[in-house]
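Chemist: Got a structure for you, data20.csv, holding CSV, N, CA and C atoms and all ligand atoms.
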```
chain,number,residue,atom,x,y,z
A,1,MET,N,5.9,6.1,24.9
A,1,MET,CA,6.7,5.0,24.2
A,1,MET,C,6.5,5.2,22.7
A,2,PRO,N,7.6,5.1,21.9
A,2,PRO,CA,7.4,5.3,20.5
A,2,PRO,C,6.7,4.1,19.9
A,3,THR,N,6.0,4.3,18.8
A,3,THR,CA,5.4,3.2,18.1
A,3,THR,C,6.4,2.2,17.5
A,4,PRO,N,6.2,0.9,17.6
A,4,PRO,CA,7.1,0.0,16.9
A,4,PRO,C,6.9,-0.1,15.4
A,5,ILE,N,6.1,0.8,14.9
A,5,ILE,CA,5.8,0.7,13.4
A,5,ILE,C,6.9,1.5,12.7
A,6,SER,N,7.7,0.8,11.9
A,6,SER,CA,8.8,1.4,11.2
A,6,SER,C,8.3,2.0,9.8
A,7,SER,N,7.4,1.4,9.2
A,7,SER,CA,6.8,1.8,7.9
A,7,SER,C,5.5,1.1,7.8
A,8,TYR,N,4.8,1.4,6.6
A,8,TYR,CA,3.6,0.8,6.3
A,8,TYR,C,3.7,0.3,4.8
A,9,HIS,N,2.8,-0.7,4.5
A,9,HIS,CA,2.6,-1.0,3.1
A,9,HIS,C,1.1,-0.9,2.8
A,10,ALA,N,0.8,-0.3,1.7
A,10,ALA,CA,-0.6,-0.4,1.1
A,10,ALA,C,-0.5,-1.2,-0.1
A,11,HIS,N,-1.2,-2.4,-0.1
A,11,HIS,CA,-1.2,-3.3,-1.3
A,11,HIS,C,-2.5,-3.0,-2.0
A,12,ILE,N,-2.3,-2.6,-3.3
A,12,ILE,CA,-3.5,-2.2,-4.1
A,12,ILE,C,-3.7,-3.3,-5.1
A,13,TYR,N,-4.9,-3.9,-4.9
A,13,TYR,CA,-5.3,-5.1,-5.7
A,13,TYR,C,-6.1,-4.7,-6.9
A,14,TYR,N,-5.9,-5.4,-8.0
A,14,TYR,CA,-6.7,-5.2,-9.2
A,14,TYR,C,-6.8,-6.5,-10.0
A,15,ASP,N,-7.7,-6.4,-11.0
A,15,ASP,CA,-7.9,-7.6,-11.8
A,15,ASP,C,-7.2,-7.3,-13.2
A,16,PRO,N,-6.2,-8.1,-13.5
A,16,PRO,CA,-5.4,-7.7,-14.8
A,16,PRO,C,-6.3,-7.7,-16.0
A,17,ALA,N,-7.5,-8.4,-16.0
A,17,ALA,CA,-8.4,-8.4,-17.1
A,17,ALA,C,-9.3,-7.3,-17.1
A,18,SER,N,-9.6,-6.6,-16.0
A,18,SER,CA,-10.7,-5.6,-16.0
A,18,SER,C,-10.4,-4.3,-15.3
A,19,THR,N,-9.5,-4.3,-14.3
A,19,THR,CA,-9.2,-3.0,-13.6
A,19,THR,C,-7.8,-2.6,-13.6
A,20,ARG,N,-6.9,-3.1,-14.5
A,20,ARG,CA,-5.5,-2.7,-14.5
A,20,ARG,C,-5.4,-1.2,-14.8
A,21,ALA,N,-6.2,-0.8,-15.8
A,21,ALA,CA,-6.2,0.7,-16.2
A,21,ALA,C,-6.5,1.6,-15.0
A,22,VAL,N,-7.5,1.1,-14.2
A,22,VAL,CA,-7.9,1.9,-13.0
A,22,VAL,C,-6.7,1.9,-12.0
A,23,ALA,N,-6.1,0.8,-11.9
A,23,ALA,CA,-4.9,0.8,-11.0
A,23,ALA,C,-3.8,1.6,-11.5
A,24,GLU,N,-3.6,1.7,-12.8
A,24,GLU,CA,-2.6,2.5,-13.4
A,24,GLU,C,-2.8,4.0,-13.1
A,25,ARG,N,-4.1,4.4,-13.3
A,25,ARG,CA,-4.4,5.8,-13.0
A,25,ARG,C,-4.2,6.1,-11.5
A,26,LEU,N,-4.6,5.2,-10.6
A,26,LEU,CA,-4.4,5.4,-9.2
A,26,LEU,C,-2.9,5.5,-8.9
A,27,ARG,N,-2.1,4.6,-9.4
A,27,ARG,CA,-0.7,4.6,-9.2
A,27,ARG,C,-0.1,6.0,-9.6
A,28,GLU,N,-0.5,6.5,-10.8
A,28,GLU,CA,0.1,7.8,-11.3
A,28,GLU,C,-0.3,8.9,-10.3
A,29,ALA,N,-1.6,8.9,-9.9
A,29,ALA,CA,-2.1,9.9,-9.0
A,29,ALA,C,-1.3,9.9,-7.7
A,30,ILE,N,-1.0,8.7,-7.2
A,30,ILE,CA,-0.2,8.6,-5.9
A,30,ILE,C,1.2,9.2,-6.2
A,31,ALA,N,1.8,8.8,-7.3
A,31,ALA,CA,3.2,9.2,-7.6
A,31,ALA,C,3.3,10.8,-7.7
A,32,GLU,N,2.2,11.4,-8.2
A,32,GLU,CA,2.2,12.8,-8.4
A,32,GLU,C,2.1,13.6,-7.1
A,33,ARG,N,1.6,12.9,-6.1
A,33,ARG,CA,1.2,13.6,-4.8
A,33,ARG,C,2.0,13.2,-3.6
A,34,PHE,N,2.5,12.0,-3.5
A,34,PHE,CA,3.1,11.5,-2.3
A,34,PHE,C,4.5,11.0,-2.5
A,35,SER,N,5.3,11.2,-1.4
A,35,SER,CA,6.7,10.7,-1.4
A,35,SER,C,6.7,9.3,-0.8
A,36,VAL,N,6.6,8.3,-1.7
A,36,VAL,CA,6.4,6.9,-1.3
A,36,VAL,C,7.3,6.1,-2.2
A,37,ARG,N,7.4,4.8,-1.9
A,37,ARG,CA,8.1,3.8,-2.7
A,37,ARG,C,7.1,2.9,-3.4
A,38,LEU,N,7.0,3.1,-4.7
A,38,LEU,CA,6.1,2.2,-5.5
A,38,LEU,C,6.8,1.0,-5.9
A,39,GLY,N,6.1,-0.2,-5.6
A,39,GLY,CA,6.7,-1.4,-6.0
A,39,GLY,C,6.3,-1.8,-7.4
A,40,ARG,N,6.9,-3.0,-7.8
A,40,ARG,CA,6.6,-3.4,-9.2
A,40,ARG,C,5.2,-3.9,-9.3
A,41,TRP,N,4.7,-3.9,-10.6
A,41,TRP,CA,3.5,-4.6,-10.9
A,41,TRP,C,3.6,-6.1,-10.7
A,42,HIS,N,2.6,-6.7,-10.1
A,42,HIS,CA,2.5,-8.1,-9.9
A,42,HIS,C,1.2,-8.6,-10.5
A,43,ASP,N,1.2,-8.9,-11.8
A,43,ASP,CA,0.0,-9.3,-12.5
A,43,ASP,C,-0.4,-10.7,-12.1
A,44,VAL,N,0.5,-11.4,-11.5
A,44,VAL,CA,0.1,-12.7,-10.9
A,44,VAL,C,0.4,-12.7,-9.4
A,45,ALA,N,-0.4,-13.5,-8.7
A,45,ALA,CA,-0.3,-13.5,-7.2
A,45,ALA,C,1.1,-13.8,-6.8
A,46,VAL,N,1.6,-13.1,-5.8
A,46,VAL,CA,3.0,-13.4,-5.2
A,46,VAL,C,2.9,-13.4,-3.7
A,47,GLY,N,3.8,-14.1,-3.1
A,47,GLY,CA,3.9,-14.1,-1.6
A,47,GLY,C,2.5,-14.5,-0.9
A,48,PRO,N,2.1,-13.7,0.1
A,48,PRO,CA,0.9,-14.1,0.8
A,48,PRO,C,-0.4,-13.6,0.0
A,49,HIS,N,-0.2,-12.9,-1.1
A,49,HIS,CA,-1.3,-12.2,-1.8
A,49,HIS,C,-1.9,-13.2,-2.8
A,50,ALA,N,-3.3,-13.2,-2.8
A,50,ALA,CA,-4.0,-14.1,-3.6
A,50,ALA,C,-4.5,-13.5,-4.9
A,51,GLN,N,-4.2,-12.2,-5.1
A,51,GLN,CA,-4.6,-11.6,-6.4
A,51,GLN,C,-3.5,-10.6,-6.8
A,52,ALA,N,-3.6,-10.2,-8.1
A,52,ALA,CA,-2.6,-9.2,-8.6
A,52,ALA,C,-2.7,-8.0,-7.8
A,53,MET,N,-1.5,-7.3,-7.6
A,53,MET,CA,-1.5,-6.1,-6.8
A,53,MET,C,-0.1,-5.4,-7.1
A,54,PHE,N,-0.1,-4.1,-6.6
A,54,PHE,CA,1.2,-3.5,-6.5
A,54,PHE,C,1.3,-2.9,-5.1
A,55,GLN,N,2.5,-2.8,-4.6
A,55,GLN,CA,2.8,-2.3,-3.2
A,55,GLN,C,3.2,-0.8,-3.2
A,56,VAL,N,2.7,-0.1,-2.2
A,56,VAL,CA,3.1,1.2,-1.9
A,56,VAL,C,3.7,1.2,-0.5
A,57,ALA,N,5.1,1.4,-0.4
A,57,ALA,CA,5.7,1.5,1.0
A,57,ALA,C,5.9,2.9,1.3
A,58,PHE,N,5.6,3.2,2.6
A,58,PHE,CA,5.8,4.6,3.0
A,58,PHE,C,6.1,4.7,4.5
A,59,LEU,N,6.6,5.8,4.9
A,59,LEU,CA,7.0,6.1,6.3
A,59,LEU,C,5.8,6.6,7.1
A,60,PRO,N,5.9,6.4,8.4
A,60,PRO,CA,4.7,6.9,9.2
A,60,PRO,C,4.4,8.4,9.0
A,61,ALA,N,5.4,9.2,8.7
A,61,ALA,CA,5.1,10.6,8.5
A,61,ALA,C,4.1,10.9,7.3
A,62,VAL,N,4.1,10.0,6.4
A,62,VAL,CA,3.3,10.1,5.2
A,62,VAL,C,1.8,9.7,5.4
A,63,PHE,N,1.6,8.9,6.5
A,63,PHE,CA,0.3,8.3,6.7
A,63,PHE,C,-0.8,9.3,6.8
A,64,PRO,N,-0.7,10.4,7.6
A,64,PRO,CA,-1.8,11.3,7.8
A,64,PRO,C,-2.3,12.0,6.5
A,65,ALA,N,-1.5,12.2,5.5
A,65,ALA,CA,-2.0,12.7,4.3
A,65,ALA,C,-2.4,11.7,3.3
A,66,PHE,N,-1.6,10.6,3.2
A,66,PHE,CA,-1.8,9.6,2.2
A,66,PHE,C,-3.0,8.7,2.4
A,67,ILE,N,-3.2,8.2,3.6
A,67,ILE,CA,-4.3,7.3,3.9
A,67,ILE,C,-5.7,7.9,3.7
A,68,PRO,N,-5.9,9.1,4.3
A,68,PRO,CA,-7.2,9.7,4.0
A,68,PRO,C,-7.5,10.0,2.5
A,69,TRP,N,-6.4,10.4,1.8
A,69,TRP,CA,-6.5,10.6,0.4
A,69,TRP,C,-6.9,9.2,-0.3
A,70,LEU,N,-6.2,8.2,0.1
A,70,LEU,CA,-6.4,6.9,-0.5
A,70,LEU,C,-7.9,6.4,-0.3
A,71,MET,N,-8.4,6.6,1.0
A,71,MET,CA,-9.8,6.3,1.3
A,71,MET,C,-10.7,6.8,0.3
A,72,LEU,N,-10.5,8.1,-0.2
A,72,LEU,CA,-11.4,8.8,-1.1
A,72,LEU,C,-11.1,8.5,-2.5
A,73,HIS,N,-9.9,8.0,-2.9
A,73,HIS,CA,-9.5,7.9,-4.3
A,73,HIS,C,-9.2,6.5,-4.7
A,74,ARG,N,-9.5,5.5,-4.0
A,74,ARG,CA,-9.1,4.1,-4.4
A,74,ARG,C,-9.9,3.6,-5.6
A,75,ALA,N,-10.9,4.3,-6.0
A,75,ALA,CA,-11.7,4.0,-7.2
A,75,ALA,C,-12.2,2.6,-7.2
A,76,GLY,N,-12.7,2.1,-6.1
A,76,GLY,CA,-13.3,0.8,-6.0
A,76,GLY,C,-12.3,-0.3,-5.8
A,77,LEU,N,-11.0,-0.1,-5.9
A,77,LEU,CA,-10.0,-1.1,-5.8
A,77,LEU,C,-9.9,-1.5,-4.3
A,78,THR,N,-9.6,-2.8,-4.1
A,78,THR,CA,-9.4,-3.3,-2.7
A,78,THR,C,-8.0,-2.9,-2.3
A,79,VAL,N,-7.8,-2.5,-1.0
A,79,VAL,CA,-6.5,-2.1,-0.5
A,79,VAL,C,-6.3,-2.8,0.9
A,80,LEU,N,-5.1,-3.4,1.0
A,80,LEU,CA,-4.7,-4.0,2.3
A,80,LEU,C,-3.6,-3.0,2.9
A,81,LEU,N,-3.9,-2.5,4.0
A,81,LEU,CA,-2.9,-1.6,4.7
A,81,LEU,C,-2.4,-2.3,5.9
A,82,HIS,N,-1.1,-2.5,6.0
A,82,HIS,CA,-0.5,-3.2,7.1
A,82,HIS,C,0.7,-2.5,7.6
A,83,PRO,N,1.0,-2.5,8.9
A,83,PRO,CA,2.2,-1.9,9.5
A,83,PRO,C,3.4,-2.9,9.3
A,84,ASN,N,4.6,-2.4,9.4
A,84,ASN,CA,5.8,-3.2,9.4
A,84,ASN,C,6.4,-3.0,10.8
A,85,THR,N,6.3,-4.0,11.6
A,85,THR,CA,6.9,-4.0,13.0
A,85,THR,C,8.0,-5.0,13.2
A,86,GLY,N,8.3,-5.8,12.1
A,86,GLY,CA,9.3,-6.8,12.2
A,86,GLY,C,8.6,-8.2,12.5
A,87,ARG,N,7.3,-8.2,12.5
A,87,ARG,CA,6.5,-9.5,12.7
A,87,ARG,C,5.5,-9.6,11.5
A,88,PRO,N,6.0,-10.1,10.4
A,88,PRO,CA,5.2,-10.2,9.2
A,88,PRO,C,3.8,-10.9,9.3
A,89,HIS,N,3.9,-12.0,10.1
A,89,HIS,CA,2.6,-12.8,10.2
A,89,HIS,C,1.6,-12.0,10.9
A,90,ASP,N,1.9,-11.4,12.0
A,90,ASP,CA,1.0,-10.6,12.8
A,90,ASP,C,0.6,-9.3,12.0
A,91,ASP,N,1.6,-8.7,11.4
A,91,ASP,CA,1.4,-7.4,10.7
A,91,ASP,C,0.3,-7.6,9.6
A,92,HIS,N,0.3,-8.7,8.9
A,92,HIS,CA,-0.6,-8.9,7.8
A,92,HIS,C,-2.0,-9.5,8.3
A,93,LEU,N,-1.9,-10.4,9.3
A,93,LEU,CA,-3.1,-11.1,9.7
A,93,LEU,C,-3.8,-10.6,11.0
A,94,VAL,N,-3.1,-9.9,11.8
A,94,VAL,CA,-3.7,-9.4,13.1
A,94,VAL,C,-3.9,-7.9,13.0
A,95,HIS,N,-2.9,-7.1,12.5
A,95,HIS,CA,-2.8,-5.7,12.7
A,95,HIS,C,-3.2,-4.9,11.4
A,96,ALA,N,-3.5,-5.6,10.4
A,96,ALA,CA,-3.9,-4.9,9.1
A,96,ALA,C,-5.3,-4.4,9.1
A,97,PHE,N,-5.6,-3.5,8.2
A,97,PHE,CA,-7.0,-3.2,7.9
A,97,PHE,C,-7.1,-3.1,6.4
A,98,TRP,N,-8.4,-3.3,5.9
A,98,TRP,CA,-8.7,-3.4,4.5
A,98,TRP,C,-9.7,-2.3,4.1
A,99,MET,N,-9.5,-1.8,2.9
A,99,MET,CA,-10.5,-1.0,2.3
A,99,MET,C,-11.2,-1.8,1.2
A,100,GLY,N,-12.5,-1.8,1.2
A,100,GLY,CA,-13.2,-2.6,0.2
A,100,GLY,C,-13.4,-4.0,0.8
A,101,ALA,N,-13.2,-5.0,0.0
A,101,ALA,CA,-13.4,-6.4,0.4
A,101,ALA,C,-12.2,-6.8,1.3
A,102,ILE,N,-12.4,-7.9,2.0
A,102,ILE,CA,-11.3,-8.6,2.7
A,102,ILE,C,-11.0,-9.8,1.9
A,103,LEU,N,-9.8,-9.8,1.4
A,103,LEU,CA,-9.3,-10.9,0.6
A,103,LEU,C,-8.6,-11.9,1.4
A,104,PRO,N,-8.5,-13.2,0.9
A,104,PRO,CA,-7.7,-14.2,1.6
A,104,PRO,C,-6.2,-13.9,1.5
A,105,LEU,N,-5.5,-14.2,2.5
A,105,LEU,CA,-4.0,-14.2,2.5
A,105,LEU,C,-3.4,-15.5,2.8
A,106,LYS,N,-2.3,-15.9,2.2
A,106,LYS,CA,-1.6,-17.1,2.5
A,106,LYS,C,-0.7,-16.9,3.7
A,107,GLY,N,-1.3,-17.1,4.9
A,107,GLY,CA,-0.6,-16.8,6.1
A,107,GLY,C,0.6,-17.7,6.3
A,108,GLU,N,0.5,-18.9,5.7
A,108,GLU,CA,1.6,-19.9,6.0
A,108,GLU,C,2.9,-19.5,5.3
A,109,VAL,N,2.9,-18.5,4.4
A,109,VAL,CA,4.2,-18.1,3.8
A,109,VAL,C,4.8,-16.9,4.6
A,110,LEU,N,4.1,-16.4,5.6
A,110,LEU,CA,4.6,-15.2,6.3
A,110,LEU,C,5.4,-15.6,7.5
A,111,PRO,N,6.7,-15.2,7.6
A,111,PRO,CA,7.5,-15.6,8.7
A,111,PRO,C,7.0,-14.8,10.0
A,112,GLU,N,7.3,-15.4,11.1
A,112,GLU,CA,7.0,-14.7,12.4
A,112,GLU,C,7.8,-13.4,12.6
A,113,ILE,N,9.1,-13.5,12.2
A,113,ILE,CA,10.0,-12.4,12.5
A,113,ILE,C,10.7,-12.1,11.2
A,114,GLU,N,11.0,-10.8,10.9
A,114,GLU,CA,11.8,-10.3,9.8
A,114,GLU,C,12.7,-9.2,10.3
A,115,ASP,N,13.7,-8.9,9.6
A,115,ASP,CA,14.6,-7.8,10.0
A,115,ASP,C,14.1,-6.5,9.2
A,116,ILE,N,13.5,-5.6,9.9
A,116,ILE,CA,12.9,-4.4,9.3
A,116,ILE,C,14.0,-3.6,8.6
A,117,ALA,N,15.3,-3.8,8.9
A,117,ALA,CA,16.3,-3.1,8.2
A,117,ALA,C,16.4,-3.5,6.7
A,118,ASN,N,15.9,-4.6,6.4
A,118,ASN,CA,15.9,-5.1,5.0
A,118,ASN,C,14.8,-4.5,4.2
A,119,LEU,N,13.8,-3.9,4.8
A,119,LEU,CA,12.7,-3.3,4.0
A,119,LEU,C,13.1,-2.1,3.3
A,120,GLU,N,12.7,-2.0,2.0
A,120,GLU,CA,13.0,-0.8,1.3
A,120,GLU,C,11.9,0.2,1.5
A,121,THR,N,12.2,1.4,2.0
A,121,THR,CA,11.3,2.4,2.2
A,121,THR,C,11.7,3.8,1.5
A,122,GLU,N,12.9,3.8,0.9
A,122,GLU,CA,13.4,5.0,0.3
A,122,GLU,C,12.4,5.4,-0.8
A,123,PRO,N,11.8,6.6,-0.8
A,123,PRO,CA,10.8,7.0,-1.8
A,123,PRO,C,11.4,7.0,-3.2
A,124,ASN,N,10.6,6.6,-4.2
A,124,ASN,CA,11.0,6.6,-5.6
A,124,ASN,C,10.0,7.4,-6.4
A,125,THR,N,9.3,8.2,-5.8
A,125,THR,CA,8.4,9.1,-6.5
A,125,THR,C,8.9,10.6,-6.4
A,126,ALA,N,8.5,11.4,-7.3
A,126,ALA,CA,8.9,12.8,-7.3
A,126,ALA,C,7.6,13.7,-7.4
A,127,PRO,N,6.9,13.9,-6.2
A,127,PRO,CA,5.6,14.5,-6.3
A,127,PRO,C,5.6,15.9,-6.9
A,128,THR,N,4.7,16.2,-7.8
A,128,THR,CA,4.5,17.5,-8.4
A,128,THR,C,3.3,18.2,-7.9
A,129,HIS,N,2.5,17.6,-7.1
A,129,HIS,CA,1.3,18.2,-6.5
A,129,HIS,C,1.5,18.1,-5.0
A,130,PRO,N,2.3,19.1,-4.4
A,130,PRO,CA,2.7,18.9,-3.0
A,130,PRO,C,1.5,19.0,-2.0
A,131,GLU,N,0.4,19.6,-2.4
A,131,GLU,CA,-0.7,19.8,-1.5
A,131,GLU,C,-1.9,18.8,-1.9
A,132,PRO,N,-2.0,17.7,-1.3
A,132,PRO,CA,-2.9,16.7,-1.7
A,132,PRO,C,-4.4,17.2,-1.6
A,133,TRP,N,-4.7,18.1,-0.8
A,133,TRP,CA,-6.1,18.5,-0.6
A,133,TRP,C,-6.5,19.5,-1.7
A,134,ASP,N,-5.6,19.9,-2.6
A,134,ASP,CA,-6.0,20.7,-3.8
A,134,ASP,C,-6.9,19.8,-4.7
A,135,VAL,N,-6.8,18.5,-4.6
A,135,VAL,CA,-7.4,17.6,-5.6
A,135,VAL,C,-8.9,17.6,-5.5
A,136,LYS,N,-9.5,17.8,-6.6
A,136,LYS,CA,-11.0,17.6,-6.6
A,136,LYS,C,-11.3,16.1,-6.7
A,137,HIS,N,-12.4,15.7,-6.2
A,137,HIS,CA,-12.8,14.3,-6.3
A,137,HIS,C,-13.1,14.0,-7.8
A,138,PRO,N,-12.8,12.8,-8.2
A,138,PRO,CA,-13.1,12.5,-9.6
A,138,PRO,C,-14.6,12.3,-9.9
D,201,ZN,ZN,3.4,-5.7,2.5
```
Render the structure in this file as structure tokens.
Ligand code: ZN
Modeler:
Amino acid sequence: MPTPISSYHAHIYYDPASTRAVAERLREAIAERFSVRLGRWHDVAVGPHAQAMFQVAFLPAVFPAFIPWLMLHRAGLTVLLHPNTGRPHDDHLVHAFWMGAILPLKGEVLPEIEDIANLETEPNTAPTHPEPWDVKHP
């Protein structure tokens, strides 16, 4: 049976006062290496998120290269990784996993059902380092 996961989001949290530059470097490193959709900067909390963050949307085929790389290169930033199955409440609160701390989420703003056709997953990066494992650890 095929997985019901149509895409994933990695939400990368930062503190606008102290770790935005770290987040900027991480975002650039992602853009250089992976075909993903980078979301806007959110320096103030939006939606279910309780802290500043930006979103990385990606298709399941990108997971095996991107997520292990992110585990090693998140530079101390907290990451929420959740699937998109059309059930936002469960995707964020039941099926997600965290790297670093577990932050609170405002579950009450998450609908039970959404149309996954409305999710934007078209990549907006143009990777110049096609082999992520060439990268030396910082
Ligand atoms: Zn998300």
Chemist: Nearest residue to ligand ZN 201 (chain D) out of A:Ala45, A:Met99, A:Leu81, A:Ile67, using only N, CA and C atoms and all ligand atoms?
Modeler: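 That would be A:Leu81, the residue with the smallest distance to ligand ZN 201 (chain D).
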Chemist: Per residue of chain A within 7 Å of ligand ZN 201 (chain D), record the nearest atom pair and its distance in Å to one decimal, counting only N, CA and C atoms and all ligand atoms, with rows in chain order and ascending residue number, as a Markdown table.
Modeler:
```
| residue | atom | partner | partner_atom | distance |
| --- | --- | --- | --- | --- |
| A:Tyr8 | C | D:ZN201 | ZN | 6.4 |
| A:His9 | CA | D:ZN201 | ZN | 4.8 |
| A:Ala10 | N | D:ZN201 | ZN | 6.0 |
| A:His11 | N | D:ZN201 | ZN | 6.2 |
| A:Gln55 | CA | D:ZN201 | ZN | 6.7 |
| A:His82 | CA | D:ZN201 | ZN | 6.5 |
```
Chemist: Determine which residues of chain A DSSP labels as alpha helix (DSSP H) from the backbone of this structure, then write them out as a ChimeraX atom specification.
Modeler: /A:20-33,63-73,88-93
Chemist: Leaving out Leu105 (chain A) and any residue of its chain fewer than 2 positions from it, which residues lie within 8 Å of it when counting only N, CA and C atoms, given as a PyMOL selection string?
Modeler: chain A and resi 47-51+92-93+102-103+107-109
Chemist: Run DSSP on the backbone and tell me which residues of region 50-125 of chain A come out as strand (DSSP E); list them as a list of chain:residue names.
Modeler: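 Going through region 50-125 of chain A, the strand (DSSP E) residues come out as A:Met53, A:Phe54, A:Gln55, A:Val56, A:Ala57, A:Phe58, A:Val79, A:Leu80, A:Leu81, A:His82, A:Pro83, A:Asn84, A:Phe97, A:Trp98, A:Met99.
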Chemist: Could you tell me, as a PyMOL selection string, which residues have any atom at most 6 Å from (-4.5, -1.1, -6.0), counting only N, CA and C atoms?
Modeler: chain A and resi 11-14+23+53-54+77-79
Chemist: Could you write those residues out with N, CA and C atoms, as a CSV table (one decimal), keeping the file's coordinate frame?
Modeler:
```csv
chain,number,residue,atom,x,y,z
A,11,HIS,N,-1.2,-2.4,-0.1
A,11,HIS,CA,-1.2,-3.3,-1.3
A,11,HIS,C,-2.5,-3.0,-2.0
A,12,ILE,N,-2.3,-2.6,-3.3
A,12,ILE,CA,-3.5,-2.2,-4.1
A,12,ILE,C,-3.7,-3.3,-5.1
A,13,TYR,N,-4.9,-3.9,-4.9
A,13,TYR,CA,-5.3,-5.1,-5.7
A,13,TYR,C,-6.1,-4.7,-6.9
A,14,TYR,N,-5.9,-5.4,-8.0
A,14,TYR,CA,-6.7,-5.2,-9.2
A,14,TYR,C,-6.8,-6.5,-10.0
A,23,ALA,N,-6.1,0.8,-11.9
A,23,ALA,CA,-4.9,0.8,-11.0
A,23,ALA,C,-3.8,1.6,-11.5
A,53,MET,N,-1.5,-7.3,-7.6
A,53,MET,CA,-1.5,-6.1,-6.8
A,53,MET,C,-0.1,-5.4,-7.1
A,54,PHE,N,-0.1,-4.1,-6.6
A,54,PHE,CA,1.2,-3.5,-6.5
A,54,PHE,C,1.3,-2.9,-5.1
A,77,LEU,N,-11.0,-0.1,-5.9
A,77,LEU,CA,-10.0,-1.1,-5.8
A,77,LEU,C,-9.9,-1.5,-4.3
A,78,THR,N,-9.6,-2.8,-4.1
A,78,THR,CA,-9.4,-3.3,-2.7
A,78,THR,C,-8.0,-2.9,-2.3
A,79,VAL,N,-7.8,-2.5,-1.0
A,79,VAL,CA,-6.5,-2.1,-0.5
A,79,VAL,C,-6.3,-2.8,0.9
```
Chemist: Which residues are near Ser7 (chain A)? Cut-off 7 Å, only N, CA and C atoms, ignore same chain within fewer than 4 positions. Put them as a ChimeraX atom specification.
Modeler: /A:57-60,82-85
Chemist: Could those selected residues go to a file with N, CA and C atoms, as a PDB file, in the coordinates of the input?
Modeler:
```pdb
ATOM      1  N   ALA A  57       5.100   1.400  -0.400  1.00  0.00           N
ATOM      2  CA  ALA A  57       5.700   1.500   1.000  1.00  0.00           C
ATOM      3  C   ALA A  57       5.900   2.900   1.300  1.00  0.00           C
ATOM      4  N   PHE A  58       5.600   3.200   2.600  1.00  0.00           N
ATOM      5  CA  PHE A  58       5.800   4.600   3.000  1.00  0.00           C
ATOM      6  C   PHE A  58       6.100   4.700   4.500  1.00  0.00           C
ATOM      7  N   LEU A  59       6.600   5.800   4.900  1.00  0.00           N
ATOM      8  CA  LEU A  59       7.000   6.100   6.300  1.00  0.00           C
ATOM      9  C   LEU A  59       5.800   6.600   7.100  1.00  0.00           C
ATOM     10  N   PRO A  60       5.900   6.400   8.400  1.00  0.00           N
ATOM     11  CA  PRO A  60       4.700   6.900   9.200  1.00  0.00           C
ATOM     12  C   PRO A  60       4.400   8.400   9.000  1.00  0.00           C
ATOM     13  N   HIS A  82      -1.100  -2.500   6.000  1.00  0.00           N
ATOM     14  CA  HIS A  82      -0.500  -3.200   7.100  1.00  0.00           C
ATOM     15  C   HIS A  82       0.700  -2.500   7.600  1.00  0.00           C
ATOM     16  N   PRO A  83       1.000  -2.500   8.900  1.00  0.00           N
ATOM     17  CA  PRO A  83       2.200  -1.900   9.500  1.00  0.00           C
ATOM     18  C   PRO A  83       3.400  -2.900   9.300  1.00  0.00           C
ATOM     19  N   ASN A  84       4.600  -2.400   9.400  1.00  0.00           N
ATOM     20  CA  ASN A  84       5.800  -3.200   9.400  1.00  0.00           C
ATOM     21  C   ASN A  84       6.400  -3.000  10.800  1.00  0.00           C
ATOM     22  N   THR A  85       6.300  -4.000  11.600  1.00  0.00           N
ATOM     23  CA  THR A  85       6.900  -4.000  13.000  1.00  0.00           C
ATOM     24  C   THR A  85       8.000  -5.000  13.200  1.00  0.00           C
TER      25      THR A  85
END
```
Chemist: Which of these, A:Glu120, A:Val56, A:Thr19, A:Leu110, has the shortest distance to His89 (chain A) once you count only C-alpha atoms?
Modeler: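 With only C-alpha atoms as the atom set, the closest residue is A:Leu110.
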Chemist: Between atom N of Ala29 (chain A) and CA of Asp43 (chain A), what is the spacing in Å?
Modeler: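 Atom N of Ala29 (chain A) lies 18.5 Å from CA of Asp43 (chain A).
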Chemist: Can you measure CA of Leu80 (chain A) to CA of Ala117 (chain A) for me? One decimal in Å is fine.
Modeler: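 Spanning CA of Leu80 (chain A) to CA of Ala117 (chain A) is a straight-line distance of 21.8 Å.
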Chemist: In Å, how far is it from atom N of Val94 (chain A) to atom C of Ile116 (chain A)?
Modeler: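 If I compute the distance from atom N of Val94 (chain A) to atom C of Ile116 (chain A), I get 18.5 Å.
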Chemist: With all atoms listed in the file as the atoms that count, which of A:Arg87, A:Leu26, A:Ile113, A:Pro16 lies nearest to Ala52 (chain A)?
Modeler: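 Result for the nearest residue to Ala52 (chain A): A:Pro16.
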Chemist: Could you check which of A:Ala61, A:Val22, A:Ile5, A:Ala31 is closest to Thr125 (chain A), using all atoms listed in the file?
Modeler: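 Ranking A:Ala61, A:Val22, A:Ile5, A:Ala31 by distance to Thr125 (chain A), first place goes to A:Ala31.
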Chemist: Would you mind telling me which residue in A:Ser18, A:Asn124, A:Glu112, A:Met71 lies nearest to Val36 (chain A) when using only N, CA and C atoms?
Modeler: A:Asn124
Chemist: Hey, could you pull the box centre and edge lengths for region 80-95 of chain A, axis-aligned, 6 Å padding per side, all listed atoms, to one decimal in Å, as lines of an AutoDock Vina configuration file?
Modeler:
```
center_x = 2.1
center_y = -7.2
center_z = 7.1
size_x = 26.4
size_y = 23.2
size_z = 24.2
```
Chemist: Using all atoms listed in the file, which of A:Glu28, A:Arg20, A:Arg33, A:Glu114 sits nearest His129 (chain A)?
Modeler: A:Arg33
